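File shown: data.cif. Contents: mmCIF, C-alpha atoms.
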data_work
loop_
_atom_site.label_atom_id
_atom_site.label_comp_id
_atom_site.auth_asym_id
_atom_site.auth_seq_id
_atom_site.Cartn_x
_atom_site.Cartn_y
_atom_site.Cartn_z
CA MET A 2 -9.04 -28.93 8.75
CA SER A 3 -11.64 -26.42 7.64
CA ASP A 4 -14.44 -28.43 9.16
CA SER A 5 -15.06 -26.96 12.57
CA GLN A 6 -18.79 -27.52 12.93
CA ASP A 7 -20.08 -27.35 16.45
CA THR A 8 -22.51 -30.20 16.76
CA ASN A 9 -24.42 -28.56 19.61
CA SER A 10 -25.86 -25.60 17.78
CA GLY A 11 -25.12 -26.25 14.12
CA GLN A 12 -23.22 -22.96 13.97
CA SER A 13 -19.48 -23.14 13.40
CA LEU A 14 -16.96 -21.42 15.63
CA TYR A 15 -16.19 -19.08 12.72
CA GLU A 16 -19.85 -18.07 12.48
CA LYS A 17 -20.16 -17.63 16.23
CA LEU A 18 -17.13 -15.36 16.29
CA GLY A 19 -18.58 -13.22 13.52
CA GLY A 20 -16.79 -14.52 10.42
CA GLU A 21 -14.65 -12.33 8.21
CA ALA A 22 -15.77 -9.09 9.86
CA ALA A 23 -14.46 -10.41 13.17
CA VAL A 24 -11.13 -11.34 11.61
CA ASN A 25 -10.86 -7.84 10.15
CA ALA A 26 -11.61 -6.32 13.54
CA ALA A 27 -9.03 -8.54 15.22
CA VAL A 28 -6.13 -8.30 12.79
CA ASP A 29 -4.98 -4.73 13.53
CA ILE A 30 -5.28 -5.26 17.29
CA PHE A 31 -3.42 -8.55 17.18
CA TYR A 32 -0.65 -7.34 14.87
CA ARG A 33 -0.16 -4.21 17.00
CA LYS A 34 0.28 -6.36 20.13
CA VAL A 35 2.79 -8.60 18.35
CA LEU A 36 4.84 -5.65 17.04
CA ALA A 37 4.88 -4.01 20.46
CA ASP A 38 6.19 -7.15 22.16
CA HIS A 39 9.98 -7.00 22.36
CA ARG A 40 10.12 -10.75 23.05
CA ILE A 41 8.89 -11.60 19.56
CA ASN A 42 8.73 -8.56 17.30
CA ARG A 43 12.03 -9.37 15.60
CA PHE A 44 10.31 -12.38 14.00
CA PHE A 45 7.62 -10.12 12.56
CA ASP A 46 9.86 -7.27 11.52
CA ASN A 47 9.19 -7.21 7.82
CA SER A 48 9.44 -4.00 5.88
CA ASP A 49 6.39 -5.09 3.88
CA MET A 50 3.74 -4.57 6.54
CA GLU A 51 0.85 -5.30 4.15
CA LYS A 52 2.17 -8.79 3.42
CA GLN A 53 2.83 -9.38 7.09
CA ALA A 54 -0.70 -8.24 7.99
CA ALA A 55 -2.12 -10.57 5.31
CA LYS A 56 -0.28 -13.45 6.99
CA GLN A 57 -1.67 -12.48 10.38
CA LYS A 58 -5.10 -12.44 8.81
CA ALA A 59 -4.62 -15.95 7.43
CA PHE A 60 -3.51 -17.15 10.85
CA LEU A 61 -6.50 -15.58 12.61
CA THR A 62 -8.92 -16.95 10.02
CA MET A 63 -7.60 -20.41 10.73
CA ALA A 64 -7.67 -19.96 14.52
CA PHE A 65 -11.25 -18.71 14.22
CA GLY A 66 -12.17 -22.00 12.54
CA GLY A 67 -12.68 -20.25 9.21
CA PRO A 68 -12.05 -21.53 5.70
CA ASN A 69 -8.38 -22.41 5.25
CA ASN A 70 -6.05 -24.73 3.40
CA TYR A 71 -3.96 -25.54 6.43
CA ASN A 72 -1.07 -27.75 5.51
CA GLY A 73 1.43 -28.78 8.16
CA GLN A 74 4.30 -29.06 5.70
CA ASP A 75 3.72 -25.55 4.29
CA MET A 76 3.62 -24.24 7.85
CA ARG A 77 6.96 -25.91 8.58
CA ASN A 78 8.56 -24.53 5.45
CA ALA A 79 7.21 -21.03 6.07
CA HIS A 80 8.67 -20.90 9.59
CA ALA A 81 11.93 -22.76 9.01
CA HIS A 82 13.97 -19.55 8.65
CA LEU A 83 12.49 -18.26 11.92
CA VAL A 84 13.39 -21.47 13.73
CA LYS A 85 16.95 -20.85 12.52
CA MET A 86 16.70 -17.37 14.05
CA GLY A 87 15.86 -19.01 17.37
CA LEU A 88 12.08 -19.31 17.32
CA ASN A 89 11.05 -21.52 20.22
CA ALA A 90 8.16 -22.49 22.50
CA SER A 91 8.38 -19.30 24.57
CA HIS A 92 7.76 -17.23 21.44
CA PHE A 93 4.84 -19.43 20.44
CA ASP A 94 3.41 -18.93 23.94
CA ALA A 95 3.73 -15.16 23.56
CA VAL A 96 1.73 -15.25 20.32
CA MET A 97 -0.93 -17.38 22.04
CA GLU A 98 -1.07 -14.76 24.80
CA HIS A 99 -1.75 -12.02 22.25
CA LEU A 100 -4.40 -14.10 20.52
CA GLY A 101 -6.24 -14.51 23.83
CA ALA A 102 -5.82 -10.86 24.77
CA THR A 103 -7.08 -9.72 21.36
CA LEU A 104 -10.23 -11.80 21.62
CA THR A 105 -10.78 -10.68 25.22
CA GLU A 106 -10.48 -7.06 24.06
CA LEU A 107 -13.17 -7.79 21.47
CA ASN A 108 -15.46 -9.16 24.21
CA VAL A 109 -15.46 -12.70 22.85
CA PRO A 110 -16.83 -15.18 25.46
CA GLN A 111 -14.13 -17.22 27.23
CA GLU A 112 -15.43 -20.55 25.94
CA LEU A 113 -15.03 -19.44 22.30
CA ILE A 114 -11.57 -18.03 23.06
CA ALA A 115 -10.63 -21.45 24.39
CA GLN A 116 -11.80 -23.09 21.16
CA ALA A 117 -9.83 -20.66 18.99
CA ALA A 118 -6.77 -21.13 21.20
CA ALA A 119 -7.05 -24.90 20.82
CA ILE A 120 -7.02 -24.60 17.02
CA ALA A 121 -4.00 -22.27 17.09
CA GLU A 122 -2.27 -24.59 19.58
CA SER A 123 -2.63 -27.48 17.11
CA THR A 124 -0.09 -25.79 14.81
CA ARG A 125 2.63 -25.58 17.49
CA ASN A 126 4.80 -28.48 16.37
CA ASP A 127 4.63 -27.52 12.70
CA VAL A 128 5.48 -23.87 13.42
CA LEU A 129 8.40 -24.83 15.66
CA GLY A 130 9.61 -27.56 13.27
CA LYS A 131 9.33 -30.30 15.92
CA MET B 15 -17.88 -20.68 -20.65
CA ARG B 16 -15.89 -17.51 -19.95
CA SER B 17 -12.68 -16.66 -21.70
CA ILE B 18 -9.58 -15.17 -20.11
CA THR B 19 -7.25 -13.07 -22.23
CA ILE B 20 -3.72 -12.35 -21.07
CA GLY B 21 -1.22 -10.73 -23.41
CA GLU B 22 -1.76 -12.25 -26.85
CA SER B 23 -3.39 -15.46 -25.62
CA THR B 24 -6.99 -16.34 -24.82
CA PHE B 25 -8.02 -19.39 -22.79
CA SER B 26 -11.37 -20.72 -21.71
CA CYS B 27 -12.11 -20.90 -18.05
CA GLN B 28 -13.82 -24.22 -17.25
CA PRO B 29 -16.92 -24.13 -15.07
CA ASP B 30 -15.85 -24.03 -11.39
CA GLU B 31 -12.32 -23.02 -12.33
CA THR B 32 -10.72 -19.87 -10.93
CA VAL B 33 -8.70 -17.51 -13.11
CA LEU B 34 -5.56 -18.79 -11.37
CA GLU B 35 -6.44 -22.43 -12.11
CA THR B 36 -7.10 -21.66 -15.76
CA LEU B 37 -3.81 -19.81 -16.20
CA LEU B 38 -1.73 -22.41 -14.36
CA ARG B 39 -3.37 -25.20 -16.40
CA GLU B 40 -2.28 -23.34 -19.52
CA ASN B 41 1.27 -23.02 -18.15
CA ILE B 42 1.12 -19.27 -17.62
CA GLN B 43 3.45 -18.29 -14.78
CA VAL B 44 1.41 -16.60 -12.07
CA PRO B 45 2.89 -16.18 -8.58
CA ASN B 46 0.59 -17.74 -6.01
CA GLY B 47 0.54 -18.92 -2.42
CA CYS B 48 -2.39 -19.66 -0.12
CA ARG B 49 -5.01 -20.08 -2.88
CA GLN B 50 -7.72 -18.84 -0.57
CA GLY B 51 -7.66 -15.12 -1.14
CA LEU B 52 -5.47 -14.19 1.80
CA CYS B 53 -1.78 -13.91 0.94
CA GLN B 54 -2.34 -11.69 -2.13
CA ALA B 55 0.55 -13.30 -4.03
CA CYS B 56 -1.66 -13.84 -7.10
CA LEU B 57 -2.72 -10.20 -7.41
CA MET B 58 -3.80 -9.40 -10.96
CA ARG B 59 -5.62 -6.61 -12.72
CA SER B 60 -8.66 -6.69 -14.97
CA LEU B 61 -8.07 -4.44 -17.96
CA ASP B 62 -11.61 -4.29 -19.32
CA ASN B 63 -14.45 -4.91 -16.85
CA PRO B 64 -14.61 -4.65 -13.08
CA PRO B 65 -13.80 -8.06 -11.55
CA PRO B 66 -16.27 -9.87 -9.25
CA VAL B 67 -16.42 -8.07 -5.91
CA SER B 68 -15.82 -11.38 -4.11
CA ALA B 69 -12.37 -11.57 -5.73
CA GLN B 70 -11.40 -8.17 -4.28
CA VAL B 71 -12.08 -8.87 -0.60
CA GLY B 72 -9.24 -7.67 1.62
CA LEU B 73 -7.52 -5.57 -1.05
CA LYS B 74 -6.68 -1.95 -0.40
CA ASP B 75 -9.57 0.26 -1.54
CA THR B 76 -7.38 2.07 -4.06
CA LEU B 77 -6.42 -1.26 -5.66
CA GLN B 78 -10.08 -2.31 -5.79
CA LYS B 79 -10.91 0.92 -7.55
CA GLN B 80 -8.24 0.13 -10.17
CA ASN B 81 -9.82 -3.31 -10.83
CA TYR B 82 -7.16 -5.37 -9.11
CA PHE B 83 -8.32 -8.79 -7.91
CA LEU B 84 -7.04 -12.07 -6.50
CA ALA B 85 -6.87 -14.71 -9.23
CA CYS B 86 -7.15 -17.64 -6.80
CA VAL B 87 -10.68 -16.70 -5.72
CA CYS B 88 -11.89 -15.20 -8.98
CA HIS B 89 -14.68 -17.08 -10.74
CA PRO B 90 -15.24 -14.91 -13.82
CA GLU B 91 -18.76 -13.57 -14.30
CA GLN B 92 -17.95 -12.44 -17.82
CA ASP B 93 -15.06 -12.64 -20.26
CA MET B 94 -11.98 -10.97 -18.79
CA THR B 95 -8.79 -9.40 -20.11
CA VAL B 96 -6.21 -9.57 -17.35
CA ALA B 97 -2.60 -8.64 -16.61
CA LEU B 98 -0.05 -9.27 -13.91
CA PRO B 99 0.81 -6.18 -11.82
CA ASN B 100 4.19 -5.74 -13.53
CA GLN B 101 2.82 -6.08 -17.07
CA GLN B 102 2.82 -2.70 -18.71
CA GLY B 103 -0.19 -1.46 -20.61
CA ALA B 104 -0.16 1.03 -23.47
CA SER B 105 2.09 4.06 -23.21
CA ILE B 106 1.50 7.59 -24.55
CA GLU B 107 3.64 10.45 -25.79
CA ALA B 108 3.77 13.83 -24.05
CA ALA B 109 5.61 17.07 -24.77
CA VAL B 110 7.41 19.37 -22.35
CA ILE B 111 5.47 22.65 -22.04
CA LYS B 112 7.12 24.04 -18.90
CA LYS B 113 10.34 23.54 -16.98
CA GLN B 114 10.97 25.71 -13.95
CA ARG B 115 13.55 25.50 -11.21
CA LEU B 116 11.84 25.58 -7.79
CA THR B 117 15.04 25.30 -5.75
CA PRO B 118 18.60 24.54 -6.83
CA ASP B 119 17.70 20.84 -6.40
CA ILE B 120 14.13 20.57 -7.65
CA VAL B 121 12.58 21.32 -11.01
CA HIS B 122 8.89 21.60 -11.86
CA LEU B 123 8.25 19.78 -15.13
CA VAL B 124 4.91 20.06 -16.95
CA LEU B 125 4.05 17.75 -19.85
CA GLU B 126 1.09 17.94 -22.21
CA TYR B 127 -0.50 14.91 -23.82
CA GLN B 128 -3.11 14.58 -26.58
CA THR B 129 -4.64 11.14 -26.18
CA GLU B 130 -6.88 9.62 -23.52
CA PHE B 131 -5.01 9.05 -20.24
CA ASN B 132 -6.45 7.96 -16.89
CA PHE B 133 -4.74 8.56 -13.57
CA PHE B 134 -5.21 9.55 -9.95
CA ALA B 135 -3.11 12.36 -8.51
CA GLY B 136 -0.37 10.72 -6.42
CA GLN B 137 0.11 7.74 -8.73
CA PHE B 138 3.40 7.46 -10.59
CA VAL B 139 4.38 6.89 -14.21
CA ASN B 140 7.57 5.78 -15.88
CA LEU B 141 9.08 8.57 -17.95
CA LYS B 142 11.15 7.26 -20.84
CA ARG B 143 13.50 9.39 -22.90
CA PRO B 144 14.21 8.59 -26.58
CA ASP B 145 17.25 6.36 -25.86
CA GLY B 146 15.17 4.19 -23.52
CA LEU B 147 16.46 5.38 -20.13
CA THR B 148 13.43 5.24 -17.80
CA ARG B 149 12.64 6.53 -14.31
CA SER B 150 9.49 6.63 -12.14
CA TYR B 151 8.03 9.96 -11.05
CA SER B 152 4.86 10.83 -9.14
CA ILE B 153 2.09 12.92 -10.66
CA ALA B 154 1.53 16.13 -8.69
CA ASN B 155 -1.74 17.30 -10.26
CA ILE B 156 -5.32 16.12 -10.56
CA PRO B 157 -6.84 15.19 -13.94
CA HIS B 158 -7.48 18.37 -15.79
CA HIS B 159 -9.25 19.46 -18.98
CA LYS B 160 -5.92 20.87 -20.12
CA LYS B 161 -4.45 17.34 -20.38
CA ILE B 162 -1.27 18.06 -18.46
CA LEU B 163 0.91 16.09 -16.07
CA GLU B 164 3.07 17.85 -13.48
CA PHE B 165 6.18 16.42 -11.85
CA HIS B 166 8.68 17.62 -9.24
CA ILE B 167 12.04 16.21 -10.21
CA ARG B 168 14.88 16.25 -7.74
CA ARG B 169 18.38 16.36 -9.13
CA LEU B 170 20.32 13.44 -7.70
CA PRO B 171 24.10 13.46 -7.48
CA ASN B 172 25.19 11.51 -10.59
CA GLY B 173 21.52 10.98 -11.47
CA GLN B 174 21.55 10.17 -15.17
CA PHE B 175 17.93 10.94 -15.82
CA SER B 176 17.46 13.86 -13.43
CA SER B 177 20.65 15.58 -14.64
CA TRP B 178 19.45 15.20 -18.20
CA VAL B 179 16.09 16.76 -17.29
CA TYR B 180 17.97 19.64 -15.64
CA ASP B 181 20.59 20.31 -18.24
CA GLU B 182 19.32 19.11 -21.58
CA LEU B 183 15.59 18.53 -21.78
CA GLU B 184 14.05 21.33 -23.84
CA LEU B 185 10.58 22.76 -24.25
CA GLY B 186 8.70 20.84 -26.94
CA ALA B 187 10.74 17.66 -26.49
CA GLU B 188 8.73 14.42 -26.31
CA LEU B 189 8.81 11.79 -23.56
CA THR B 190 7.08 8.40 -23.46
CA ILE B 191 4.82 7.87 -20.47
CA SER B 192 3.69 4.52 -19.07
CA GLU B 193 0.22 3.99 -17.67
CA ALA B 194 -0.26 5.38 -14.16
CA GLN B 195 0.56 2.97 -11.35
CA GLY B 196 0.51 2.77 -7.59
CA SER B 197 -2.10 2.70 -4.87
CA CYS B 198 -1.12 5.81 -2.93
CA HIS B 199 -3.92 8.19 -3.87
CA TYR B 200 -7.12 9.76 -2.53
CA LEU B 201 -10.54 8.15 -2.80
CA PRO B 202 -13.78 9.98 -2.01
CA GLY B 203 -16.02 8.71 0.78
CA ARG B 204 -15.42 9.16 4.51
CA ALA B 205 -15.08 12.91 3.85
CA GLU B 206 -14.93 13.76 7.55
CA GLN B 207 -11.90 11.55 8.23
CA PRO B 208 -8.78 13.42 9.41
CA LEU B 209 -5.87 13.09 6.96
CA LEU B 210 -2.17 13.05 7.84
CA LEU B 211 0.33 13.52 5.03
CA VAL B 212 4.08 13.29 5.61
CA GLY B 213 6.60 13.80 2.82
CA THR B 214 10.30 14.43 2.44
CA GLY B 215 11.89 16.34 -0.45
CA SER B 216 10.09 15.74 -3.75
CA GLY B 217 7.75 13.42 -1.83
CA LEU B 218 5.68 16.59 -1.77
CA ALA B 219 4.72 15.94 -5.42
CA PRO B 220 2.25 13.07 -4.85
CA LEU B 221 1.06 14.64 -1.59
CA TYR B 222 0.38 17.93 -3.36
CA GLY B 223 -1.74 16.01 -5.89
CA ILE B 224 -3.53 14.08 -3.16
CA ILE B 225 -4.33 17.28 -1.24
CA ALA B 226 -5.61 18.97 -4.40
CA ASP B 227 -7.75 15.91 -5.08
CA ALA B 228 -9.15 15.77 -1.53
CA LEU B 229 -10.00 19.48 -1.54
CA ALA B 230 -11.55 19.30 -5.03
CA GLN B 231 -13.73 16.41 -3.79
CA GLU B 232 -14.77 18.50 -0.78
CA HIS B 233 -13.01 16.55 1.92
CA SER B 234 -14.35 18.14 5.11
CA GLY B 235 -12.08 16.59 7.78
CA PRO B 236 -8.82 18.26 8.83
CA ILE B 237 -5.89 17.76 6.42
CA HIS B 238 -2.45 17.99 8.02
CA LEU B 239 0.64 18.21 5.81
CA PHE B 240 4.16 17.92 7.21
CA HIS B 241 6.83 18.51 4.59
CA GLY B 242 10.42 17.90 5.60
CA SER B 243 13.91 18.35 4.27
CA ARG B 244 17.40 18.44 5.64
CA ASP B 245 18.11 21.87 4.19
CA LEU B 246 16.23 24.75 2.59
CA ASN B 247 16.96 23.46 -0.93
CA GLY B 248 14.59 20.55 -0.37
CA LEU B 249 11.69 22.70 0.84
CA TYR B 250 9.67 24.24 -1.95
CA PHE B 251 6.14 25.44 -2.71
CA ILE B 252 6.17 27.08 0.73
CA ASP B 253 4.21 30.12 -0.44
CA GLU B 254 1.77 27.97 -2.43
CA MET B 255 1.08 25.72 0.57
CA ARG B 256 0.64 28.72 2.89
CA GLU B 257 -1.82 30.27 0.45
CA LEU B 258 -3.72 27.00 0.34
CA ALA B 259 -3.87 26.97 4.14
CA GLU B 260 -5.27 30.52 4.03
CA GLU B 261 -7.90 29.51 1.51
CA PHE B 262 -9.07 26.28 3.18
CA ASP B 263 -9.89 26.28 6.89
CA ASN B 264 -9.34 22.52 7.17
CA PHE B 265 -5.85 22.47 5.63
CA TYR B 266 -2.80 22.79 7.90
CA TYR B 267 0.78 23.03 6.68
CA THR B 268 3.99 22.53 8.65
CA PRO B 269 7.34 22.82 6.84
CA CYS B 270 10.10 21.07 8.81
CA LEU B 271 13.90 21.28 8.64
CA SER B 272 16.03 18.51 10.13
CA GLY B 273 19.51 19.89 9.36
CA GLU B 274 21.50 21.75 11.99
CA ASP B 275 22.64 25.36 12.02
CA ILE B 276 20.09 26.66 9.55
CA GLU B 277 18.55 30.07 10.11
CA SER B 278 14.81 29.72 9.55
CA ASP B 279 11.47 29.96 11.28
CA HIS B 280 10.39 26.46 10.19
CA ALA B 281 9.72 23.64 12.65
CA ARG B 282 12.99 21.99 13.70
CA GLY B 283 13.33 18.23 13.40
CA ARG B 284 12.34 15.40 11.13
CA ALA B 285 8.89 15.77 9.57
CA HIS B 286 7.56 12.40 10.76
CA ASP B 287 8.78 12.95 14.32
CA ILE B 288 7.14 16.36 14.46
CA ALA B 289 3.94 14.99 12.89
CA LEU B 290 3.61 12.01 15.21
CA SER B 291 4.45 13.89 18.38
CA SER B 292 1.85 16.55 17.60
CA ILE B 293 -1.00 14.06 17.24
CA GLU B 294 -2.36 12.16 20.24
CA THR B 295 -3.81 9.16 18.41
CA LEU B 296 -4.19 8.20 14.76
CA ASN B 297 -7.17 6.01 15.45
CA GLY B 298 -9.60 6.68 12.59
CA TRP B 299 -7.10 8.71 10.52
CA ARG B 300 -6.08 8.20 6.91
CA VAL B 301 -2.31 8.45 6.46
CA PHE B 302 -0.24 9.19 3.33
CA LEU B 303 3.56 8.81 3.37
CA CYS B 304 5.84 9.67 0.44
CA GLY B 305 9.56 10.11 -0.01
CA HIS B 306 12.66 8.62 1.57
CA PRO B 307 12.18 4.81 1.93
CA GLU B 308 13.50 4.75 5.49
CA MET B 309 11.15 7.54 6.56
CA VAL B 310 8.22 5.86 4.83
CA ASN B 311 8.77 2.42 6.37
CA GLN B 312 9.50 3.75 9.84
CA THR B 313 6.52 6.08 9.82
CA LYS B 314 4.22 3.39 8.47
CA ARG B 315 4.96 1.30 11.50
CA MET B 316 4.79 4.24 13.92
CA ALA B 317 1.45 5.36 12.49
CA PHE B 318 0.06 1.85 12.77
CA MET B 319 1.24 1.55 16.38
CA LYS B 320 -0.34 4.92 17.08
CA GLY B 321 -3.75 3.58 16.08
CA ALA B 322 -4.09 4.00 12.31
CA SER B 323 -5.62 0.97 10.67
CA MET B 324 -3.36 -0.89 8.21
CA ALA B 325 -6.02 -0.40 5.53
CA ASP B 326 -5.87 3.38 6.04
CA ILE B 327 -2.12 3.79 5.48
CA TYR B 328 -1.04 4.63 1.93
CA ALA B 329 2.65 4.79 1.18
CA ASP B 330 5.00 5.44 -1.69
CA ALA B 331 8.70 4.94 -0.96
CA PHE B 332 11.00 6.66 -3.44
CA HIS B 333 13.74 4.16 -4.16
CA VAL B 334 16.76 5.58 -5.90
CA ILE B 335 18.05 3.48 -8.78
CA GLN B 336 21.76 2.86 -8.43
CA GLU B 337 23.37 4.18 -11.58
CA LYS B 338 25.71 1.92 -13.48
CA LYS B 339 29.14 3.43 -13.79
#
What is this file in C-alpha cells?
Amino acid sequence: MSDSQDTNSGQSLYEKLGGEAAVNAAVDIFYRKVLADHRINRFFDNSDMEKQAAKQKAFLTMAFGGPNNYNGQDMRNAHAHLVKMGLNASHFDAVMEHLGATLTELNVPQELIAQAAAIAESTRNDVLGK
Amino acid sequence: MRSITIGESTFSCQPDETVLETLLRENIQVPNGCRQGLCQACLMRSLDNPPPVSAQVGLKDTLQKQNYFLACVCHPEQDMTVALPNQQGASIEAAVIKKQRLTPDIVHLVLEYQTEFNFFAGQFVNLKRPDGLTRSYSIANIPHHKKILEFHIRRLPNGQFSSWVYDELELGAELTISEAQGSCHYLPGRAEQPLLLVGTGSGLAPLYGIIADALAQEHSGPIHLFHGSRDLNGLYFIDEMRELAEEFDNFYYTPCLSGEDIESDHARGRAHDIALSSIETLNGWRVFLCGHPEMVNQTKRMAFMKGASMADIYADAFHVIQEKK
C-alpha cells in the first residue's frame, strides 16, 4: 500500500505534495474543518486532542501516498465503535469534502488532489465496516 | 551492537531493530500501535543521552527537550537507558522552609532541597508525605541557585493531603519529591511570539512559573495572563501580578471573577471566555492552559478553532483525586 510511485515522472505523489512538511501544514487546517462541521464532529469529539490530531496526521500521510502500514482489518476495528454510533457514507463523504477543501486551500493542483482523494476513497468500505 | 537498558535489565538491539522491536522480542510490555511514528502510543524517554532526532519527529517540542522519543522508529545510535512515561525515576527529599496562607483557600509552600534536581517551571512533581500519601502539584518558580521549589496548594473540601498541609505540616518537616514531569512549560526560541495564559484557581502556580521563565529568557512578544476564580478566595497574587505588569511593558494581567453578586473591580465572567473574546485570532500564538479540567479541555478546543496550532497549545488539567472514605 505504501508504493505509490508515479511512473511518469519517477516522483511519488507524497514527494510531489511536499512530504511530511505538507502533512504538517495540512493537519491543523483539516482537523479544524472536521471539528467545525456539525454533521461529523461528534465522531471526532475526543477530549485528548493530541491523540486525535495524531490520527488525523496518520490519515493524511496515507492519503498523500506517504509511508504507512495500512491494514484494512485494523481500520475496521478502529472504526467499529463509530459505526455503532451511526457512522455512514454521508459522514465519509463529509470527510472527503474537507480533505479536498484543505488541499485546495494549500494550493495543491487539482490533479494531485484527485490522486489523494482516490487513495482516501479506497478505505471507504473498511472505515464503514462494509 | 547497541544495548538497551530498561529498569534492571539490559538487552542488545540487533542491527536494523528498533527499540520497540527489541523490547517486545524480550517480552517487555510496551504499549504500541501504528509502528510508524505517528500514533505516539509507544512514547518512551531516554534517561541518559538524547535520542536520535528522527525518533522525535512530531512530538511536542517540550517532550523533545526532555528526551522523549517514539520507540517504534528509534534505531539507537548509541547505548540507551530508557523508561516508559509512567516509570518513576529517582526521588529526592526536601524540607519545608516557608508556609504562608495567600487566601483562606490557598497556601504558598516553599521547600528546600540539597541534591541535584532538574525541572522546568510549570512542570509538576508528586509530593509524598511520610505515610506514603501522594499528590501532584505544579512548580511555580524557575530553577534557582537557592535550590527551592514553590507550590500553591489549594485546600479541597475533604482533601486529605491539602488539609494536612494546611493544618499539620510544620516548618522543617521533610517531604519526598518525584522527578519533575509534564510538558506544559516554556521553551526559548520564537521570542516574539504572543503568549496567552489562562488559569483558574491554583492553576496560577504553573503559569506564574512559566511567565517568570519567559521573562527571564527575555521573551519579547506580548504575554497575556487571564486568571479566573468563582470568588475572591481563589484569586491571589493580585498585587504581585500588577507589579510585574508595571515592571514589564509586554506583560498584561487580567484577574477575572465568574461568581455573581461580588463587589469588585475585576473583569466579570469566566477567564477563558474573557480571554478568547478579547483576542481576534490566535493564529501564531502560543497558549498555556492550567487548572480546572473542563476549562482546560474546552479552551484547548476553542483556542485551536481560533487559529492556534495544535503544536503551540500546552495544557495541564488539574484532576482532583477522589478521596476514599
Legend entry - Hits from the PyMOL selection byres ((chain B and resi 168) around 6), listed as a list in words: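 The output of the PyMOL selection byres ((chain B and resi 168) around 6) on this file is Asp119, Ile120, Ile167 and Arg169 of chain B.
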Residues of chain A within 6 Å of chain B, counting all atoms listed in the file, as an mmCIF file with C-alpha atoms, in the coordinates of the input:
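Wrote it out as out-v2.cif, contents follow:
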data_model
loop_
_atom_site.group_PDB
_atom_site.id
_atom_site.type_symbol
_atom_site.label_atom_id
_atom_site.label_comp_id
_atom_site.auth_asym_id
_atom_site.auth_seq_id
_atom_site.Cartn_x
_atom_site.Cartn_y
_atom_site.Cartn_z
ATOM 1 C CA ARG A 33 -0.160 -4.210 17.000
ATOM 2 C CA ALA A 55 -2.120 -10.570 5.310
ATOM 3 C CA ALA A 59 -4.620 -15.950 7.430
#
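With the shown file loaded, the PyMOL selection byres ((chain A and resi 96) around 10) picks out Phe31, Tyr32, Lys34, Val35, Asp38, Arg40, Ile41, Ala90, Ser91, His92, Phe93, Asp94, Ala95, Met97, Glu98, His99, Leu100, Gly101, Ala102 and Ala121 of chain A.
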Inset, instruction - Using atom CA of His89 of chain B and atom CA of Phe133 of chain B as the two end points, give the distance in Å to one decimal. - result: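 Atom CA of His89 of chain B sits 27.6 Å away from atom CA of Phe133 of chain B.
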On this file, the PyMOL selection byres ((chain B and resi 35) around 10) gives some set of residues; write that set as a PDB file with C-alpha atoms, in the frame of the given file.
ATOM      1  CA  CYS B  27     -12.110 -20.900 -18.050  1.00  0.00           C
ATOM      2  CA  GLN B  28     -13.820 -24.220 -17.250  1.00  0.00           C
ATOM      3  CA  ASP B  30     -15.850 -24.030 -11.390  1.00  0.00           C
ATOM      4  CA  GLU B  31     -12.320 -23.020 -12.330  1.00  0.00           C
ATOM      5  CA  THR B  32     -10.720 -19.870 -10.930  1.00  0.00           C
ATOM      6  CA  VAL B  33      -8.700 -17.510 -13.110  1.00  0.00           C
ATOM      7  CA  LEU B  34      -5.560 -18.790 -11.370  1.00  0.00           C
ATOM      8  CA  THR B  36      -7.100 -21.660 -15.760  1.00  0.00           C
ATOM      9  CA  LEU B  37      -3.810 -19.810 -16.200  1.00  0.00           C
ATOM     10  CA  LEU B  38      -1.730 -22.410 -14.360  1.00  0.00           C
ATOM     11  CA  ARG B  39      -3.370 -25.200 -16.400  1.00  0.00           C
ATOM     12  CA  GLU B  40      -2.280 -23.340 -19.520  1.00  0.00           C
ATOM     13  CA  ASN B  41       1.270 -23.020 -18.150  1.00  0.00           C
ATOM     14  CA  ILE B  42       1.120 -19.270 -17.620  1.00  0.00           C
ATOM     15  CA  VAL B  44       1.410 -16.600 -12.070  1.00  0.00           C
ATOM     16  CA  ARG B  49      -5.010 -20.080  -2.880  1.00  0.00           C
ATOM     17  CA  ALA B  85      -6.870 -14.710  -9.230  1.00  0.00           C
ATOM     18  CA  CYS B  86      -7.150 -17.640  -6.800  1.00  0.00           C
ATOM     19  CA  VAL B  87     -10.680 -16.700  -5.720  1.00  0.00           C
ATOM     20  CA  CYS B  88     -11.890 -15.200  -8.980  1.00  0.00           C
ATOM     21  CA  HIS B  89     -14.680 -17.080 -10.740  1.00  0.00           C
TER      22      HIS B  89
END
Legend entry - Pairwise distance for atom CA of Arg125 of chain A and atom CA of Tyr71 of chain A, rounded to one decimal in Å: 12.9 Å
Inset, instruction - To one decimal in Å, tell me the separation between atom CA of Ser23 of chain B and atom CA of Met58 of chain B. - result: 15.9 Å
Inset, instruction - Have a look at B:Phe165, B:Tyr267, B:Tyr200, B:Phe251 and name the one nearest to Ala226 of chain B; count only C-alpha atoms. - result: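 Ranking B:Phe165, B:Tyr267, B:Tyr200, B:Phe251 by distance to Ala226 of chain B, first place goes to B:Tyr200.
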Legend entry - Selected residue, from A:Ala117, A:Leu88, A:Leu104, A:Ala81, that lies nearest to Val28 of chain A when counting all atoms listed in the file: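 Between A:Ala117, A:Leu88, A:Leu104, A:Ala81, the residue approaching Val28 of chain A most closely is A:Leu104.
When only C-alpha atoms are used to measure the gap to Gln137 of chain B, the shortest distance among B:Val124, B:Ala289, B:Ile153, B:Ile225 belongs to B:Ile153.
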Inset, instruction - Name all residues at most 9 Å from Glu184 of chain B (count all atoms listed in the file; drop same-chain ones fewer than 5 positions away) and give them as a PyMOL selection string. - result: chain B and resi 110-113+179
Dump of C-alpha atoms for the selected residues, as a PDB file, in the coordinates of the input:
ATOM      1  CA  VAL B 110       7.410  19.370 -22.350  1.00  0.00           C
ATOM      2  CA  ILE B 111       5.470  22.650 -22.040  1.00  0.00           C
ATOM      3  CA  LYS B 112       7.120  24.040 -18.900  1.00  0.00           C
ATOM      4  CA  LYS B 113      10.340  23.540 -16.980  1.00  0.00           C
ATOM      5  CA  VAL B 179      16.090  16.760 -17.290  1.00  0.00           C
TER       6      VAL B 179
END
Inset, instruction - Might you pull out every residue within 10 Å of Asn89 of chain A, with all atoms listed in the file counted and same-chain residues fewer than 5 positions away left off, and present them as a PyMOL selection string? - result: chain A and resi 83-84+94+125+128-131
